[in-house]
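This report refers to the structure that appears directly beneath it.
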Amino acid sequence: MRTETDDTLLSCENIVKRYGALTAVDRLSLQVRAGEVLGIGGPNGAGKTTLFDMISGVTKATEGRIVFKSRDITRLPPHKASPQGLARTFQLNAAFDSLSVEENVLCSAYFGRANILFPQLRYPPATREAARAALSTTGLEAAHDRKAGSLTVLQRKQLMIACALATRPSVLLLDEPVGGLNVAEIDQTIEMIDKVRNEWPVTIILIEHVMRFLVALCDRIVIMHHGRKIYEGPISGLAGDRQVVEVYLGEGAARRLRDAAERQACHA
Ligand SMILES: Nc1ncnc2c1ncn2[C@@H]1O[C@H](COP(=O)(O)OP(=O)(O)OP(=O)(O)O)[C@@H](O)[C@H]1O
């Protein structure tokens, strides 16, 4: 069933990804509206990263169609998807360790923008401005000349987000942005994503297991299991969904989630 509306920015239509006999994503359909923050959850191996891989062109869908800004992007490779307005981060560090923070962000801002392998000695002013704004939003300005290899885990995650932002995306895909961070760092990242929302005209899709992060930021959530969508709706409905509790949350997490959603509603 198509539920596309006028403000649909990205649409996945019955997409499938098979790796040999394994079906990692199984006829998944999804619409993302301009301006929303959509969370994607689900157990390990559910197909969440594979979904991001297909949208960002890192891997090609076996079947189905991905439409972005009314254009079929199903077969676009990453260097062509990026200038269209799609950017992503990865679960693990994806920076050039021997380059500085600023050089990493400049490389990203330039990615896919010109038909030459190496930029001129001087980047165009628009590239420099995008890099500067991305460093400012992510709080990395003071670390701009540090080598990426010397950064803390939190700073590396901030750098991946800065690199993605510098491409000036319409849709930003964040793959486990707080995985491995402590509570204070998770709170700092929530503040940063809020800042991204306020300062950049961007729609965000994020994969995360940390429920308080999802509760704080997401307008809507999709839960995947064995490559399929088993839940789509508000976070407040998750703890009452029997299948989600059974295959993903468990009773304890469902209770904590209910409490967190109530606290969030009180503060809203
Ligand atoms: N390149 C690949 N070749 C073969 N199988 C793959 C490949 N990439 C992913 N898979 C398999 O596809 C399934 C879905 O993997 P995926 O990484 O998308 O899950 P996930 O929901 O992101 O899991 P996690 O929460 O652990 O990151 C898994 O069984 C995984 O082993």
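To be explicit about the labels: the chains of the structure tokens are called A, B, and onward in the order shown, and within each one the residues are counted from 1, while ligands get numbers from 1 in the order they are shown.
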Please produce, as CSV, a per-residue contact table for chain A versus ligand 1 (criterion: any atom at most 6 Å away, only C-alpha atoms and all ligand atoms considered), showing the nearest atom pair and its distance in Å to one decimal, sorted by chain then residue number.
```
residue,atom,partner,partner_atom_place_in_ligand_line,distance
A:Tyr19,CA,ligand 1,4 (C),5.0
A:Ala24,CA,ligand 1,12 (O),4.2
A:Pro43,CA,ligand 1,25 (O),5.8
A:Asn44,CA,ligand 1,26 (O),3.5
A:Gly45,CA,ligand 1,19 (O),3.4
A:Ala46,CA,ligand 1,21 (O),3.6
A:Gly47,CA,ligand 1,18 (O),3.2
A:Lys48,CA,ligand 1,21 (O),3.8
A:Thr49,CA,ligand 1,22 (O),3.7
A:Thr50,CA,ligand 1,18 (O),3.7
```
Output N, CA and C atoms for every residue in that selection, as a JSON list (two decimals), in the first residue's frame.
```json
[["chain", "number", "residue", "atom", "x", "y", "z"],
["A", 19, "TYR", "N", 21.78, -11.40, 0.13],
["A", 19, "TYR", "CA", 23.18, -11.81, 0.05],
["A", 19, "TYR", "C", 23.15, -13.33, -0.10],
["A", 24, "ALA", "N", 18.55, -9.96, 3.69],
["A", 24, "ALA", "CA", 18.86, -9.00, 4.76],
["A", 24, "ALA", "C", 17.74, -7.98, 4.92],
["A", 43, "PRO", "N", 16.49, -5.64, 16.52],
["A", 43, "PRO", "CA", 17.60, -6.46, 17.03],
["A", 43, "PRO", "C", 18.80, -6.49, 16.08],
["A", 44, "ASN", "N", 19.93, -6.94, 16.59],
["A", 44, "ASN", "CA", 21.12, -7.09, 15.75],
["A", 44, "ASN", "C", 20.79, -7.99, 14.55],
["A", 45, "GLY", "N", 21.28, -7.57, 13.39],
["A", 45, "GLY", "CA", 21.06, -8.37, 12.19],
["A", 45, "GLY", "C", 19.70, -8.17, 11.55],
["A", 46, "ALA", "N", 18.93, -7.18, 12.03],
["A", 46, "ALA", "CA", 17.56, -6.95, 11.51],
["A", 46, "ALA", "C", 17.56, -6.38, 10.09],
["A", 47, "GLY", "N", 18.69, -5.80, 9.67],
["A", 47, "GLY", "CA", 18.77, -5.24, 8.31],
["A", 47, "GLY", "C", 18.80, -3.72, 8.28],
["A", 48, "LYS", "N", 19.02, -3.10, 9.44],
["A", 48, "LYS", "CA", 18.97, -1.64, 9.55],
["A", 48, "LYS", "C", 20.10, -0.98, 8.73],
["A", 49, "THR", "N", 21.32, -1.44, 8.95],
["A", 49, "THR", "CA", 22.45, -0.84, 8.21],
["A", 49, "THR", "C", 22.34, -1.15, 6.72],
["A", 50, "THR", "N", 21.85, -2.33, 6.38],
["A", 50, "THR", "CA", 21.67, -2.68, 4.96],
["A", 50, "THR", "C", 20.68, -1.72, 4.31]]
```
Output as a ChimeraX atom specification all residues of range 76-222 of chain A that backbone DSSP marks as helix (DSSP H, G or I).
/A:78-84,101-110,125-138,141-143,148-150,153-166,183-199,211-217
Residue contacts of Cys218 in chain A (9 Å, only C-alpha atoms) excluding same-chain residues fewer than 2 positions away, as a PyMOL selection string
chain A and resi 36-39+204-206+213-216+220-221+234-235
Once you have the residues from the selection above, write them out as a CSV table (one decimal), in the first residue's frame, restricted to N, CA and C atoms.
```csv
chain,number,residue,atom,x,y,z
A,36,GLU,N,11.2,15.7,9.3
A,36,GLU,CA,11.0,14.8,10.5
A,36,GLU,C,12.3,14.1,10.9
A,37,VAL,N,12.3,13.6,12.1
A,37,VAL,CA,13.4,12.8,12.6
A,37,VAL,C,12.8,11.4,12.8
A,38,LEU,N,13.2,10.5,12.0
A,38,LEU,CA,12.7,9.1,12.0
A,38,LEU,C,13.7,8.2,12.6
A,39,GLY,N,13.3,7.4,13.6
A,39,GLY,CA,14.2,6.5,14.2
A,39,GLY,C,14.0,5.1,13.7
A,204,ILE,N,16.2,13.9,9.2
A,204,ILE,CA,17.1,12.9,9.8
A,204,ILE,C,16.5,11.5,10.0
A,205,ILE,N,17.3,10.5,9.5
A,205,ILE,CA,16.9,9.1,9.8
A,205,ILE,C,18.0,8.6,10.7
A,206,LEU,N,17.7,8.0,11.8
A,206,LEU,CA,18.8,7.5,12.6
A,206,LEU,C,18.5,6.1,13.2
A,213,PHE,N,17.8,8.1,23.8
A,213,PHE,CA,18.2,8.9,22.6
A,213,PHE,C,17.1,9.0,21.6
A,214,LEU,N,16.5,7.9,21.4
A,214,LEU,CA,15.3,7.8,20.4
A,214,LEU,C,14.1,8.6,21.0
A,215,VAL,N,13.9,8.5,22.3
A,215,VAL,CA,12.8,9.2,22.9
A,215,VAL,C,13.0,10.7,22.8
A,216,ALA,N,14.2,11.1,23.1
A,216,ALA,CA,14.5,12.6,23.1
A,216,ALA,C,14.4,13.2,21.7
A,220,ARG,N,9.0,9.8,15.1
A,220,ARG,CA,8.4,8.5,14.7
A,220,ARG,C,9.4,7.5,14.7
A,221,ILE,N,9.0,6.2,14.8
A,221,ILE,CA,10.0,5.1,14.8
A,221,ILE,C,9.5,3.9,14.0
A,234,PRO,N,4.4,6.1,16.6
A,234,PRO,CA,5.0,6.9,17.7
A,234,PRO,C,5.8,6.1,18.7
A,235,ILE,N,6.8,6.6,19.3
A,235,ILE,CA,7.6,5.9,20.3
A,235,ILE,C,6.7,5.5,21.4
```
Find the residue from A:His226, A:Arg33, A:Arg242, A:Arg255 that sits nearest to Val202 in chain A; use only C-alpha atoms when measuring.
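Smallest separation from Val202 in chain A among the options: A:Arg33.
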Write out as an MDAnalysis selection string the residues lying within 12 Å of Ala81 in chain A, counting only C-alpha atoms and excluding same-chain residues fewer than 2 positions away.
chainID A and resid 53:59 66:69 71:79 83:88 111:113 167 169:172
Could you save the residues just selected, with N, CA and C atoms, as an mmCIF file, in the first residue's frame?
```
data_model
loop_
_atom_site.group_PDB
_atom_site.id
_atom_site.type_symbol
_atom_site.label_atom_id
_atom_site.label_comp_id
_atom_site.auth_asym_id
_atom_site.auth_seq_id
_atom_site.Cartn_x
_atom_site.Cartn_y
_atom_site.Cartn_z
ATOM 1 N N ASP A 53 22.598 1.283 3.634
ATOM 2 C CA ASP A 53 23.529 1.009 2.525
ATOM 3 C C ASP A 53 22.821 1.151 1.179
ATOM 4 N N MET A 54 21.584 0.683 1.119
ATOM 5 C CA MET A 54 20.850 0.777 -0.157
ATOM 6 C C MET A 54 20.459 2.228 -0.457
ATOM 7 N N ILE A 55 19.993 2.945 0.570
ATOM 8 C CA ILE A 55 19.569 4.338 0.330
ATOM 9 C C ILE A 55 20.766 5.193 -0.103
ATOM 10 N N SER A 56 21.919 4.969 0.533
ATOM 11 C CA SER A 56 23.084 5.815 0.249
ATOM 12 C C SER A 56 23.902 5.317 -0.947
ATOM 13 N N GLY A 57 23.493 4.196 -1.541
ATOM 14 C CA GLY A 57 24.176 3.706 -2.738
ATOM 15 C C GLY A 57 25.402 2.864 -2.459
ATOM 16 N N VAL A 58 25.662 2.561 -1.180
ATOM 17 C CA VAL A 58 26.835 1.735 -0.829
ATOM 18 C C VAL A 58 26.638 0.311 -1.354
ATOM 19 N N THR A 59 25.391 -0.152 -1.341
ATOM 20 C CA THR A 59 25.078 -1.443 -1.960
ATOM 21 C C THR A 59 23.783 -1.286 -2.765
ATOM 22 N N ILE A 66 13.857 3.035 -4.870
ATOM 23 C CA ILE A 66 14.058 4.102 -3.880
ATOM 24 C C ILE A 66 13.900 5.431 -4.618
ATOM 25 N N VAL A 67 12.982 6.244 -4.122
ATOM 26 C CA VAL A 67 12.697 7.525 -4.788
ATOM 27 C C VAL A 67 13.034 8.648 -3.816
ATOM 28 N N PHE A 68 13.835 9.592 -4.296
ATOM 29 C CA PHE A 68 14.268 10.716 -3.463
ATOM 30 C C PHE A 68 13.990 12.007 -4.219
ATOM 31 N N LYS A 69 13.253 12.905 -3.625
ATOM 32 C CA LYS A 69 12.845 14.155 -4.285
ATOM 33 C C LYS A 69 12.260 13.858 -5.666
ATOM 34 N N ARG A 71 12.834 11.545 -7.670
ATOM 35 C CA ARG A 71 13.746 10.958 -8.655
ATOM 36 C C ARG A 71 14.125 9.537 -8.214
ATOM 37 N N ASP A 72 14.139 8.607 -9.169
ATOM 38 C CA ASP A 72 14.522 7.226 -8.852
ATOM 39 C C ASP A 72 16.037 7.172 -8.631
ATOM 40 N N ILE A 73 16.441 6.864 -7.395
ATOM 41 C CA ILE A 73 17.887 6.836 -7.088
ATOM 42 C C ILE A 73 18.363 5.407 -6.777
ATOM 43 N N THR A 74 17.535 4.423 -7.124
ATOM 44 C CA THR A 74 17.817 3.036 -6.724
ATOM 45 C C THR A 74 19.219 2.595 -7.119
ATOM 46 N N ARG A 75 19.689 3.031 -8.268
ATOM 47 C CA ARG A 75 20.989 2.529 -8.747
ATOM 48 C C ARG A 75 22.104 3.572 -8.677
ATOM 49 N N LEU A 76 21.864 4.666 -7.956
ATOM 50 C CA LEU A 76 22.906 5.704 -7.904
ATOM 51 C C LEU A 76 24.034 5.299 -6.958
ATOM 52 N N PRO A 77 25.299 5.372 -7.409
ATOM 53 C CA PRO A 77 26.415 5.123 -6.492
ATOM 54 C C PRO A 77 26.587 6.299 -5.526
ATOM 55 N N PRO A 78 27.311 6.116 -4.409
ATOM 56 C CA PRO A 78 27.408 7.176 -3.384
ATOM 57 C C PRO A 78 27.871 8.531 -3.921
ATOM 58 N N HIS A 79 28.845 8.556 -4.845
ATOM 59 C CA HIS A 79 29.349 9.863 -5.295
ATOM 60 C C HIS A 79 28.318 10.611 -6.133
ATOM 61 N N PRO A 83 25.699 14.418 -4.051
ATOM 62 C CA PRO A 83 25.306 15.750 -4.542
ATOM 63 C C PRO A 83 23.791 15.926 -4.687
ATOM 64 N N GLN A 84 23.052 14.806 -4.727
ATOM 65 C CA GLN A 84 21.585 14.920 -4.774
ATOM 66 C C GLN A 84 21.020 15.344 -3.420
ATOM 67 N N GLY A 85 21.841 15.174 -2.339
ATOM 68 C CA GLY A 85 21.374 15.596 -1.020
ATOM 69 C C GLY A 85 21.237 14.468 -0.008
ATOM 70 N N LEU A 86 21.942 13.360 -0.231
ATOM 71 C CA LEU A 86 21.905 12.241 0.724
ATOM 72 C C LEU A 86 23.275 12.102 1.380
ATOM 73 N N ALA A 87 23.300 12.088 2.712
ATOM 74 C CA ALA A 87 24.581 11.901 3.406
ATOM 75 C C ALA A 87 24.379 10.921 4.543
ATOM 76 N N ARG A 88 25.446 10.249 4.916
ATOM 77 C CA ARG A 88 25.320 9.252 5.987
ATOM 78 C C ARG A 88 26.577 9.205 6.844
ATOM 79 N N PHE A 111 33.074 16.148 -1.982
ATOM 80 C CA PHE A 111 32.806 14.809 -2.523
ATOM 81 C C PHE A 111 31.709 14.832 -3.592
ATOM 82 N N GLY A 112 32.039 14.301 -4.764
ATOM 83 C CA GLY A 112 31.042 14.171 -5.830
ATOM 84 C C GLY A 112 30.670 15.468 -6.508
ATOM 85 N N ARG A 113 31.343 16.591 -6.101
ATOM 86 C CA ARG A 113 30.932 17.900 -6.628
ATOM 87 C C ARG A 113 31.599 18.278 -7.946
ATOM 88 N N THR A 167 28.299 18.183 3.283
ATOM 89 C CA THR A 167 27.826 17.926 1.911
ATOM 90 C C THR A 167 26.478 18.623 1.653
ATOM 91 N N PRO A 169 23.316 18.103 3.037
ATOM 92 C CA PRO A 169 22.281 17.126 2.679
ATOM 93 C C PRO A 169 20.853 17.599 2.961
ATOM 94 N N SER A 170 19.915 17.021 2.229
ATOM 95 C CA SER A 170 18.495 17.184 2.590
ATOM 96 C C SER A 170 18.102 16.073 3.541
ATOM 97 N N VAL A 171 18.742 14.901 3.356
ATOM 98 C CA VAL A 171 18.490 13.774 4.256
ATOM 99 C C VAL A 171 19.811 13.301 4.852
ATOM 100 N N LEU A 172 19.821 13.223 6.174
ATOM 101 C CA LEU A 172 21.025 12.796 6.895
ATOM 102 C C LEU A 172 20.735 11.455 7.562
#
```
If you run DSSP on the backbone, which residues of range 135-192 of chain A are strand (DSSP E), as a PyMOL selection string?
chain A and resi 171-175
Selected residues written out with C-alpha atoms, as an mmCIF file, in the first residue's frame:
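For reference, selection_9.cif as written:
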```
data_model
loop_
_atom_site.group_PDB
_atom_site.id
_atom_site.type_symbol
_atom_site.label_atom_id
_atom_site.label_comp_id
_atom_site.auth_asym_id
_atom_site.auth_seq_id
_atom_site.Cartn_x
_atom_site.Cartn_y
_atom_site.Cartn_z
ATOM 1 C CA VAL A 171 18.490 13.774 4.256
ATOM 2 C CA LEU A 172 21.025 12.796 6.895
ATOM 3 C CA LEU A 173 21.358 9.101 7.781
ATOM 4 C CA LEU A 174 23.000 8.486 11.173
ATOM 5 C CA ASP A 175 24.044 4.899 11.938
#
```
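For the atom pair formed by CA of Glu13 in chain A and CA of Ala34 in chain A, the distance is 17.3 Å, given to one decimal.
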Could you pull the residues within 10 Å of Arg156 in chain A, counting only C-alpha atoms, minus those fewer than 6 positions along the same chain, as a PyMOL selection string?
chain A and resi 92-95+97+101+140+148-150+162
Find the residues around Arg132 in chain A up to 10 Å (only C-alpha atoms counted), leave out those fewer than 6 positions away in its own chain, and share them as a count of residues only.
9
Point-to-point distance in Å for CA of Thr23 in chain A and CA of Phe52 in chain A:
15.2 Å
Closest to Trp200 in chain A among A:Arg168, A:Arg128, A:Arg256, A:Arg228, using only C-alpha atoms?
A:Arg168
For Gln155 in chain A, list every protein, DNA or RNA residue within 10 Å, evaluated using only C-alpha atoms, and leave out those in the same chain fewer than 2 positions away; present the list as a list in words.
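The contact residues come out as Val101, Thr138, Gly139, Leu140, Ala143, Ala148, Ser150, Leu151, Thr152, Val153, Lys157, Gln158, Leu159, Met160, Ile161 and Glu185 of chain A.
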